[in-house]
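Colleague: For reference, the file query-v6.txt (compact mmCIF, C-alpha atoms) is included below:
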# COMPACT_ATOMS: atom_id res chain seq x y z
CA MET A 25 -15.84 34.13 8.26
CA LYS A 26 -13.20 31.38 8.43
CA LYS A 27 -13.87 31.00 12.14
CA ILE A 28 -17.59 30.46 11.63
CA ASP A 29 -16.83 27.93 8.85
CA GLU A 30 -14.68 25.98 11.28
CA ILE A 31 -17.35 26.13 13.97
CA ILE A 32 -20.01 24.85 11.56
CA ASN A 33 -17.72 21.95 10.61
CA LYS A 34 -17.08 21.15 14.25
CA TYR A 35 -20.86 21.25 14.83
CA ILE A 36 -21.33 18.69 12.03
CA ASP A 37 -18.72 16.45 13.69
CA GLY A 38 -20.27 16.93 17.14
CA GLU A 39 -17.13 18.54 18.54
CA LEU A 40 -18.45 21.90 19.72
CA SER A 41 -17.95 23.16 23.25
CA ALA A 42 -20.91 24.73 25.09
CA ASP A 43 -19.58 28.24 24.43
CA GLU A 44 -19.05 27.58 20.73
CA LEU A 45 -22.53 26.07 20.44
CA LYS A 46 -24.05 29.16 22.01
CA PHE A 47 -22.05 31.36 19.65
CA LEU A 48 -23.24 29.37 16.63
CA GLU A 49 -26.90 29.55 17.70
CA GLU A 50 -26.62 33.32 17.99
CA GLU A 51 -24.96 33.59 14.61
CA ILE A 52 -27.62 31.42 12.94
CA GLU A 53 -30.35 33.61 14.36
CA ARG A 54 -28.55 36.73 13.24
CA SER A 55 -27.49 35.76 9.70
CA GLU A 56 -29.36 34.03 6.89
CA GLU A 57 -26.06 33.37 5.12
CA ILE A 58 -24.86 31.24 8.02
CA GLN A 59 -28.18 29.37 8.05
CA ILE A 60 -27.66 28.50 4.37
CA LYS A 61 -24.07 27.46 5.00
CA LEU A 62 -25.09 25.16 7.83
CA LYS A 63 -27.91 23.57 5.81
CA ALA A 64 -25.64 23.12 2.78
CA LEU A 65 -22.92 21.54 4.88
CA GLN A 66 -25.43 19.18 6.54
CA LEU A 67 -26.62 18.24 3.06
CA VAL A 68 -23.04 17.57 1.93
CA ASP A 69 -22.29 15.52 5.05
CA SER A 70 -25.44 13.37 4.83
CA ASN A 71 -24.96 12.76 1.10
CA LEU A 72 -21.28 11.92 1.43
CA ARG A 73 -22.40 9.17 3.82
CA LEU A 74 -24.69 7.83 1.08
CA ILE A 75 -21.87 7.35 -1.45
CA LYS A 76 -21.59 3.69 -2.30
CA GLU A 77 -18.31 1.79 -2.36
CA GLU A 78 -16.93 1.22 -5.81
CA GLU A 79 -16.52 -2.40 -6.80
CA THR A 80 -13.48 -4.15 -8.21
CA SER A 81 -13.82 -6.54 -11.13
CA PRO A 82 -15.69 -9.76 -10.16
CA GLU A 83 -12.63 -11.99 -10.61
CA PHE A 84 -10.38 -9.73 -8.50
CA THR A 85 -10.07 -12.07 -5.47
CA SER A 86 -9.35 -15.14 -7.61
CA VAL A 87 -6.67 -13.18 -9.53
CA ILE A 88 -5.01 -12.21 -6.24
CA MET A 89 -5.10 -15.77 -4.89
CA ALA A 90 -3.76 -17.17 -8.18
CA GLY A 91 -0.97 -14.58 -8.03
CA ILE A 92 -0.10 -15.60 -4.48
CA ARG A 93 0.00 -19.30 -5.42
CA LYS A 94 2.24 -18.47 -8.38
CA LEU A 95 4.48 -16.37 -6.19
CA LYS A 96 4.76 -19.14 -3.60
CA LYS A 97 5.66 -21.59 -6.34
CA SER A 98 8.33 -19.28 -7.79
CA LYS A 99 9.69 -18.73 -4.26
CA LYS A 100 10.02 -22.49 -3.84
CA SER A 101 11.85 -22.85 -7.15
CA ASN A 102 14.00 -19.88 -6.17
CA ASP A 103 14.93 -21.63 -2.93
CA LYS A 104 15.72 -24.83 -4.84
CA PHE A 105 17.93 -22.86 -7.22
CA ILE A 106 19.85 -21.21 -4.38
CA ILE A 107 20.30 -24.58 -2.65
CA SER A 108 21.56 -26.20 -5.86
CA ILE A 109 24.01 -23.34 -6.54
CA ALA A 110 25.24 -23.49 -2.94
CA SER A 111 25.59 -27.29 -3.22
CA VAL A 112 27.72 -26.95 -6.36
CA PHE A 113 30.06 -24.48 -4.66
CA ILE A 114 30.28 -26.60 -1.49
CA LEU A 115 30.97 -29.71 -3.56
CA MET A 116 33.70 -27.86 -5.47
CA GLY A 117 35.22 -26.73 -2.18
CA VAL A 118 35.16 -30.23 -0.74
CA LEU A 119 36.73 -31.63 -3.90
CA VAL A 120 39.49 -29.04 -3.78
CA LEU A 121 40.12 -29.96 -0.15
CA ILE A 122 40.21 -33.74 -0.54
CA LEU A 123 41.92 -33.81 -3.93
CA PRO A 124 45.46 -33.47 -2.49
CA PHE A 125 44.94 -36.59 -0.38
CA PHE A 126 44.44 -38.64 -3.50
CA VAL A 127 46.95 -36.80 -5.68
CA GLY A 128 49.79 -35.48 -3.51
CA LEU A 129 49.91 -37.85 -0.50
CA SER A 130 50.25 -41.60 -0.42
CA PRO A 131 49.30 -43.47 2.80
CA ASN A 132 52.98 -44.23 3.37
CA SER A 133 53.91 -40.57 3.46
CA TYR A 134 52.06 -40.23 6.77
CA LYS A 135 54.03 -43.01 8.37
CA GLU A 136 57.30 -41.37 7.40
CA GLU A 137 56.50 -38.30 9.48
CA ALA A 138 57.25 -38.58 13.14
CA GLY A 139 55.33 -35.84 14.86
CA LEU A 140 51.73 -34.77 14.74
CA ILE A 141 52.65 -31.14 13.99
CA ASP A 142 54.86 -32.12 11.06
CA ASN A 143 52.02 -34.21 9.71
CA SER A 144 49.60 -31.28 9.97
CA ILE A 145 51.97 -28.89 8.22
CA LYS A 146 52.50 -31.38 5.45
CA ILE A 147 48.76 -31.87 4.97
CA PHE A 148 48.21 -28.09 4.96
CA LYS A 149 50.91 -27.57 2.37
CA ALA A 150 49.53 -30.40 0.30
CA ILE A 151 46.10 -28.77 0.33
CA LEU A 152 47.39 -25.33 -0.54
CA LYS A 153 49.73 -26.44 -3.32
CA PRO A 154 47.15 -27.62 -5.89
CA MET A 155 44.76 -24.79 -4.90
CA TRP A 156 47.51 -22.23 -5.46
CA SER A 157 48.39 -23.77 -8.82
CA LEU A 158 44.80 -23.23 -9.94
CA PHE A 159 45.32 -19.47 -9.63
CA LYS A 160 48.64 -19.35 -11.51
CA GLY A 161 49.36 -19.10 -15.24
CA SER A 162 46.76 -20.73 -17.45
CA GLY A 163 44.90 -21.98 -14.36
CA LEU A 164 44.08 -18.41 -13.40
CA SER A 165 42.25 -17.66 -16.66
CA LEU A 166 40.45 -21.01 -16.41
CA MET A 167 39.26 -20.30 -12.85
CA GLY A 168 38.31 -16.75 -13.86
CA SER A 169 36.20 -18.10 -16.73
CA ILE A 170 34.50 -20.67 -14.47
CA ILE A 171 33.70 -18.09 -11.79
CA SER A 172 32.47 -15.52 -14.36
CA PHE A 173 30.27 -18.15 -15.98
CA GLY A 174 28.87 -19.09 -12.59
CA ILE A 175 28.12 -15.43 -11.77
CA ILE A 176 26.43 -14.83 -15.15
CA ILE A 177 24.25 -17.94 -14.81
CA SER A 178 23.36 -17.11 -11.18
CA GLY A 179 22.61 -13.51 -12.15
CA TYR A 180 20.33 -14.59 -14.99
CA PHE A 181 18.27 -16.88 -12.76
CA PHE A 182 18.17 -14.29 -10.00
CA PHE A 183 16.76 -11.52 -12.23
CA GLU A 184 14.45 -13.97 -13.99
CA ASN A 185 12.97 -14.92 -10.62
CA LYS A 186 12.62 -11.25 -9.69
CA ARG A 187 10.82 -10.55 -12.97
CA GLN A 188 8.46 -13.47 -12.44
CA SER A 189 7.53 -12.31 -8.94
CA LYS A 190 6.80 -8.81 -10.29
CA THR A 191 4.39 -10.18 -12.85
CA GLY A 192 2.91 -12.57 -10.30
CA PHE A 193 -0.63 -11.28 -10.83
CA GLU A 194 -0.71 -11.54 -14.57
CA LYS A 195 -3.05 -14.20 -15.80
CA MET B 26 -22.03 -17.77 12.56
CA LYS B 27 -19.56 -15.33 14.07
CA LYS B 28 -17.25 -13.74 11.53
CA PRO B 29 -13.55 -14.20 12.29
CA THR B 30 -11.67 -11.04 13.24
CA ASP B 31 -8.80 -9.75 11.11
CA THR B 32 -6.28 -10.89 13.73
CA GLU B 33 -7.76 -14.41 13.81
CA ILE B 34 -7.54 -14.59 10.01
CA ILE B 35 -3.93 -13.39 10.02
CA GLU B 36 -3.01 -15.98 12.67
CA SER B 37 -4.59 -18.67 10.52
CA ILE B 38 -2.68 -17.50 7.41
CA LEU B 39 0.60 -17.47 9.33
CA LYS B 40 -0.11 -21.03 10.48
CA GLY B 41 -0.17 -22.06 6.83
CA ASN B 42 -3.82 -21.61 5.77
CA GLN B 43 -2.95 -19.19 3.00
CA SER B 44 -6.32 -19.49 1.29
CA ASP B 45 -7.78 -17.56 4.27
CA PHE B 46 -6.14 -14.47 2.79
CA SER B 47 -9.09 -14.36 0.37
CA ILE B 48 -11.35 -13.43 3.33
CA LEU B 49 -9.21 -10.35 3.96
CA VAL B 50 -9.19 -9.54 0.24
CA ASP B 51 -12.99 -9.74 0.07
CA ARG B 52 -13.31 -7.68 3.24
CA TYR B 53 -11.13 -4.77 2.11
CA LYS B 54 -11.01 -4.79 -1.70
CA ASN B 55 -13.94 -2.45 -2.37
CA LYS B 56 -13.11 0.01 0.40
CA ALA B 57 -9.47 0.24 -0.69
CA PHE B 58 -10.51 0.37 -4.34
CA SER B 59 -12.81 3.33 -3.64
CA LEU B 60 -9.93 5.15 -1.95
CA LEU B 61 -7.58 4.44 -4.85
CA ARG B 62 -10.18 5.50 -7.43
CA LYS B 63 -10.55 8.85 -5.70
CA MET B 64 -6.79 9.34 -5.39
CA LEU B 65 -5.65 8.08 -8.81
CA LYS B 66 -8.80 9.11 -10.70
CA ASN B 67 -8.41 6.10 -12.94
CA GLU B 68 -10.06 2.68 -12.62
CA PHE B 69 -7.31 0.68 -14.32
CA ASP B 70 -4.50 2.19 -12.25
CA ALA B 71 -6.56 1.76 -9.08
CA GLU B 72 -7.06 -1.97 -9.65
CA GLU B 73 -3.42 -2.51 -10.63
CA VAL B 74 -2.13 -0.69 -7.53
CA LEU B 75 -4.61 -2.57 -5.35
CA GLN B 76 -3.27 -5.91 -6.59
CA ASP B 77 0.25 -4.82 -5.64
CA CYS B 78 -1.00 -3.69 -2.24
CA PHE B 79 -2.53 -7.08 -1.44
CA LEU B 80 0.66 -8.78 -2.56
CA LYS B 81 2.76 -6.49 -0.34
CA ALA B 82 0.40 -7.11 2.57
CA PHE B 83 0.60 -10.88 2.09
CA ASN B 84 4.40 -10.86 1.87
CA ASN B 85 4.72 -8.69 4.97
CA LEU B 86 2.09 -10.31 7.19
CA ASN B 87 4.92 -11.56 9.42
CA SER B 88 5.87 -7.99 10.27
CA PHE B 89 2.27 -6.98 11.13
CA ARG B 90 2.02 -6.15 14.83
CA LYS B 91 -1.06 -7.80 16.28
CA ASP B 92 -1.66 -5.00 18.77
CA SER B 93 -2.45 -2.59 15.90
CA LYS B 94 -5.44 -2.66 13.52
CA PHE B 95 -5.02 -4.50 10.23
CA SER B 96 -7.21 -1.93 8.45
CA THR B 97 -4.92 0.97 9.43
CA TRP B 98 -1.81 -1.04 8.51
CA PHE B 99 -3.31 -2.01 5.16
CA TYR B 100 -4.55 1.51 4.34
CA LYS B 101 -1.02 2.76 5.01
CA ILE B 102 0.23 0.40 2.30
CA VAL B 103 -2.57 1.52 -0.04
CA TYR B 104 -2.02 5.24 0.60
CA ASN B 105 1.76 5.05 0.14
CA SER B 106 1.41 2.90 -2.99
CA ALA B 107 -0.98 5.47 -4.48
CA LEU B 108 1.50 8.26 -3.77
CA THR B 109 4.28 6.21 -5.41
CA LYS B 110 2.07 5.62 -8.43
CA LEU B 111 1.32 9.32 -8.69
CA SER B 112 5.00 10.25 -8.52
CA ASN B 113 5.91 7.48 -10.98
CA LYS B 114 3.46 8.92 -13.46
CA ARG B 115 5.27 12.21 -13.02
CA TRP B 116 2.08 14.03 -12.40
CA LYS B 117 2.78 17.44 -11.04
CA THR B 118 2.98 17.11 -7.30
CA GLU B 119 1.79 20.70 -6.89
CA SER B 120 -1.49 20.02 -8.66
CA GLU B 121 -2.08 16.63 -7.04
CA MET B 122 -1.10 17.43 -3.49
CA ILE B 123 -1.86 20.93 -2.25
CA SER B 124 -1.07 21.89 1.31
CA ALA B 125 -3.74 22.49 3.93
CA ASP B 126 -2.87 26.20 3.97
CA GLU B 127 -3.82 26.81 0.37
CA GLU B 128 -7.25 27.92 -0.81
CA LEU B 129 -9.30 25.06 -2.23
CA GLN B 130 -11.87 25.43 -4.99
CA ILE B 131 -13.52 22.86 -7.20
CA HIS B 132 -13.99 23.82 -10.81
CA SER B 133 -16.95 21.79 -11.93
CA ASP B 134 -18.60 21.43 -15.31
CA PHE B 135 -21.97 21.68 -13.73
CA SER B 136 -24.41 18.92 -14.54
CA TYR B 137 -26.69 17.73 -11.84
CA ASP B 138 -30.10 16.14 -11.96
CA TYR B 139 -31.79 17.03 -8.68
CA THR B 140 -34.85 14.87 -9.13
CA GLU B 141 -33.60 12.25 -6.65
CA LYS B 142 -31.59 12.75 -3.52
CA ALA B 143 -29.40 9.78 -4.31
CA ASP B 144 -28.16 11.66 -7.34
CA LEU B 145 -26.58 14.27 -5.10
CA ALA B 146 -24.43 11.55 -3.50
CA GLU B 147 -23.36 10.42 -6.95
CA PHE B 148 -22.69 14.01 -7.98
CA LEU B 149 -20.55 14.58 -4.87
CA SER B 150 -18.71 11.33 -5.50
CA LYS B 151 -17.67 12.64 -8.91
CA GLN B 152 -16.67 15.99 -7.42
CA ILE B 153 -14.36 14.27 -4.91
CA GLU B 154 -12.33 13.01 -7.87
CA LYS B 155 -11.70 16.62 -8.81
CA LEU B 156 -10.07 17.30 -5.47
CA PRO B 157 -6.27 17.05 -5.09
CA ALA B 158 -5.15 13.52 -4.12
CA ASN B 159 -4.48 14.32 -0.45
CA TYR B 160 -7.91 15.96 -0.03
CA ALA B 161 -9.71 13.20 -1.92
CA SER B 162 -7.96 10.56 0.19
CA VAL B 163 -9.05 12.14 3.48
CA ILE B 164 -12.69 12.45 2.33
CA ALA B 165 -12.68 8.85 1.02
CA MET B 166 -11.15 7.42 4.19
CA PHE B 167 -13.51 9.40 6.41
CA TYR B 168 -16.78 8.77 4.56
CA LEU B 169 -16.25 5.62 2.49
CA ASP B 170 -13.92 3.68 4.76
CA SER B 171 -15.31 5.07 8.04
CA LEU B 172 -11.86 5.82 9.48
CA SER B 173 -11.60 8.31 12.34
CA CYS B 174 -9.43 11.44 12.01
CA GLU B 175 -6.90 9.76 14.35
CA GLU B 176 -6.71 6.69 12.09
CA ILE B 177 -6.40 8.86 8.97
CA SER B 178 -3.59 10.73 10.71
CA GLU B 179 -1.81 7.41 11.33
CA VAL B 180 -2.29 6.32 7.71
CA THR B 181 -1.21 9.57 6.07
CA GLY B 182 1.44 10.64 8.57
CA ASN B 183 -0.24 14.06 8.97
CA SER B 184 -1.20 15.47 12.35
CA VAL B 185 -4.81 15.01 13.48
CA ASN B 186 -5.31 18.79 13.25
CA ASN B 187 -4.04 18.81 9.70
CA VAL B 188 -6.41 15.97 8.79
CA LYS B 189 -9.32 17.93 10.26
CA VAL B 190 -8.32 21.07 8.33
CA ILE B 191 -8.21 19.06 5.08
CA LEU B 192 -11.57 17.42 5.86
CA HIS B 193 -13.22 20.76 6.64
CA ARG B 194 -11.80 22.45 3.54
CA SER B 195 -12.94 19.61 1.30
CA ARG B 196 -16.45 19.72 2.73
CA ASN B 197 -16.52 23.51 2.46
CA ALA B 198 -15.50 23.32 -1.21
CA LEU B 199 -18.35 20.87 -1.87
CA ARG B 200 -20.73 23.04 0.14
CA ASP B 201 -19.76 26.14 -1.87
CA LEU B 202 -20.42 24.21 -5.06
CA ILE B 203 -23.94 23.45 -3.88
CA ILE B 204 -24.63 27.02 -2.78
CA LYS B 205 -23.10 28.47 -5.96
CA ASN B 206 -25.37 26.37 -8.14
CA ASN B 207 -28.51 27.05 -6.08
CA LEU B 208 -29.00 23.37 -5.38
CA MET B 209 -30.29 24.12 -1.89
CA LYS B 210 -33.65 25.47 -3.07
CA GLU B 211 -34.13 22.63 -5.50
CA ILE B 212 -33.33 19.87 -3.05
CA LEU B 213 -34.81 21.08 0.24
I'd like the structure from this file rewritten - as structure tokens, please.
Modeller:
Amino acid sequence: MKKIDEIINKYIDGELSADELKFLEEEIERSEEIQIKLKALQLVDSNLRLIKEEETSPEFTSVIMAGIRKLKKSKKSNDKFIISIASVFILMGVLVLILPFFVGLSPNSYKEEAGLIDNSIKIFKAILKPMWSLFKGSGLSLMGSIISFGIIISGYFFFENKRQSKTGFEK
Amino acid sequence: MKKPTDTEIIESILKGNQSDFSILVDRYKNKAFSLLRKMLKNEFDAEEVLQDCFLKAFNNLNSFRKDSKFSTWFYKIVYNSALTKLSNKRWKTESEMISADEELQIHSDFSYDYTEKADLAEFLSKQIEKLPANYASVIAMFYLDSLSCEEISEVTGNSVNNVKVILHRSRNALRDLIIKNNLMKEIL
């Protein structure tokens, strides 16, 4: 019976081979039950094609487009935030690098050194010295606090942006 | 005036005309909504998931390969989002997704007015919602969204043969419902 069911379905879909079609015709002539099954399946198939699409709410498209605009806007502000955070860190790095030139080295100190290599080593040491002092003693806890504060603030804005993009479609 | 193709619309959106996305939304919203309604069996969930689907599609338009069909790509997003929604709701997977090997029967509280043929379509539409999600999705994609078995196979990740088995079983279950309730004599 399962085989004939499959053949009837294939007939509905127009996928029967010549042999299968011949077999089905013989079966239809032989059995009233198969006639009923075929008619019922044809009825199901034709009526399934009559089912109308269901419609979304009338304002659906405008809600989507408003959500996309909002998302684009929040993406822009997200980019601005990342750029500003990156700028702060770059600025801090640059300050740390140039600070020794103003604090540790006078212009005359360069003249006192004879060779280029000696000069370079001196500059390198001068850069490292104040940086190293920042991570020693009370400086370490201060730097730790600054970095932790930076991470907390960045984390807050990051998750806030994520939350806003999730609720992008809310009116 | 000639309607722009999906690919032309996508190219326009990627060039910066983001408002053109509304053409795609209008083109696919009702078809995708019908599919989601049949799978999730809930209007509110269907609309909410559909909103997410359009957002995902918009955000991933860059990754859309132009040699494939947008409809198939989009239905894949819709189908997978519906499955995620179903699993998030912790509905029993066994009752929502039965395999193609299992026997399928629809238990219907019978109420059908056979005075007009159009009513039978409406009646069948309601019966589809009683099918497990994977069966309902195949019927909806085949009849409401006019996808071929090959396209449905691409969307669902099932083999074409498996899709055909599910389609046949769903139709047979609806057919048995009609025979069982003697609707044949009344309608024909």
Colleague: For chain B against chain A, which residues fall within 6 Å using all atoms listed in the file, given as a VMD selection string?
Modeller: chain B and resid 55 59 146 168 200
Colleague: Which of these residues is nearest to Lys56 in chain B, using all atoms listed in the file: B:Leu192, B:Leu111, B:Ala71, B:Ile204?
Modeller: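 Nearest to Lys56 in chain B: B:Ala71.
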Colleague: CA of Ile109 in chain A to CA of Leu86 in chain B: how many Å, to one decimal?
Modeller: 29.0 Å
Colleague: Which of these residues is nearest to Val180 in chain B, using all atoms listed in the file: B:Ile164, B:Asp201, B:Ser37, B:Tyr100?
Modeller: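 Checking each candidate against Val180 in chain B, we get B:Tyr100 as the closest.
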Colleague: Might I get the box with edges along x, y and z of the file that holds all atoms of range 94-108 of chain A listed there, padded by 8 Å on every side, given as centre and edge lengths in Å to one decimal, as lines of an AutoDock Vina configuration file?
Modeller:
center_x = 11.9
center_y = -21.3
center_z = -5.5
size_x = 35.3
size_y = 25.8
size_z = 21.7
Colleague: Write out as number ranges by chain which residues come within 8 Å of range 38-53 of chain B when counting all atoms listed in the file, dropping same-chain ones fewer than 4 positions away.
Modeller: A: 85, 89; B: 31, 34, 57, 79, 83, 86-87, 96
Colleague: In Å, how far is it from CA of Glu184 in chain A to CA of Ser98 in chain A?
Modeller: 10.2 Å
Colleague: Which residue out of A:Met116, A:Ala90, A:Ile28, A:Leu48 has the minimum interatomic distance to Ile171 in chain A when all atoms listed in the file are used?
Modeller: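 Once distances to Ile171 in chain A are computed over all atoms listed in the file, the minimum belongs to A:Met116.
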Colleague: Quick one, how far is CA of Lys54 in chain B from CA of Met166 in chain B?
Modeller: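 Between CA of Lys54 in chain B and CA of Met166 in chain B the gap works out to 13.6 Å.
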Colleague: Quick one: residues within 7 Å of Val74 in chain B, all atoms listed in the file counted, chain neighbours fewer than 3 positions away excluded, as a PDB file with C-alpha atoms, in the frame of the given file?
Modeller:
ATOM      1  CA  ASP B  70      -4.500   2.190 -12.250  1.00  0.00           C
ATOM      2  CA  ALA B  71      -6.560   1.760  -9.080  1.00  0.00           C
ATOM      3  CA  ASP B  77       0.250  -4.820  -5.640  1.00  0.00           C
ATOM      4  CA  CYS B  78      -1.000  -3.690  -2.240  1.00  0.00           C
ATOM      5  CA  SER B 106       1.410   2.900  -2.990  1.00  0.00           C
ATOM      6  CA  ALA B 107      -0.980   5.470  -4.480  1.00  0.00           C
TER       7      ALA B 107
END
Colleague: Taking only C-alpha atoms into account, name the residue in B:Ser184, B:Ser178, B:Asn206, B:Thr109 that is nearest to Leu65 in chain B.
Modeller: B:Thr109
Colleague: For Pro82 in chain A, which residue out of B:Ser112, B:Glu72, B:Arg194, B:Asp170 is the nearest one, using all atoms listed in the file?
Modeller: B:Glu72
Colleague: Could you tell me which of B:Asn186, B:Gln76, B:Asn113, B:Asn105 comes closest to Ser162 in chain B if we count all atoms listed in the file?
Modeller: B:Asn105
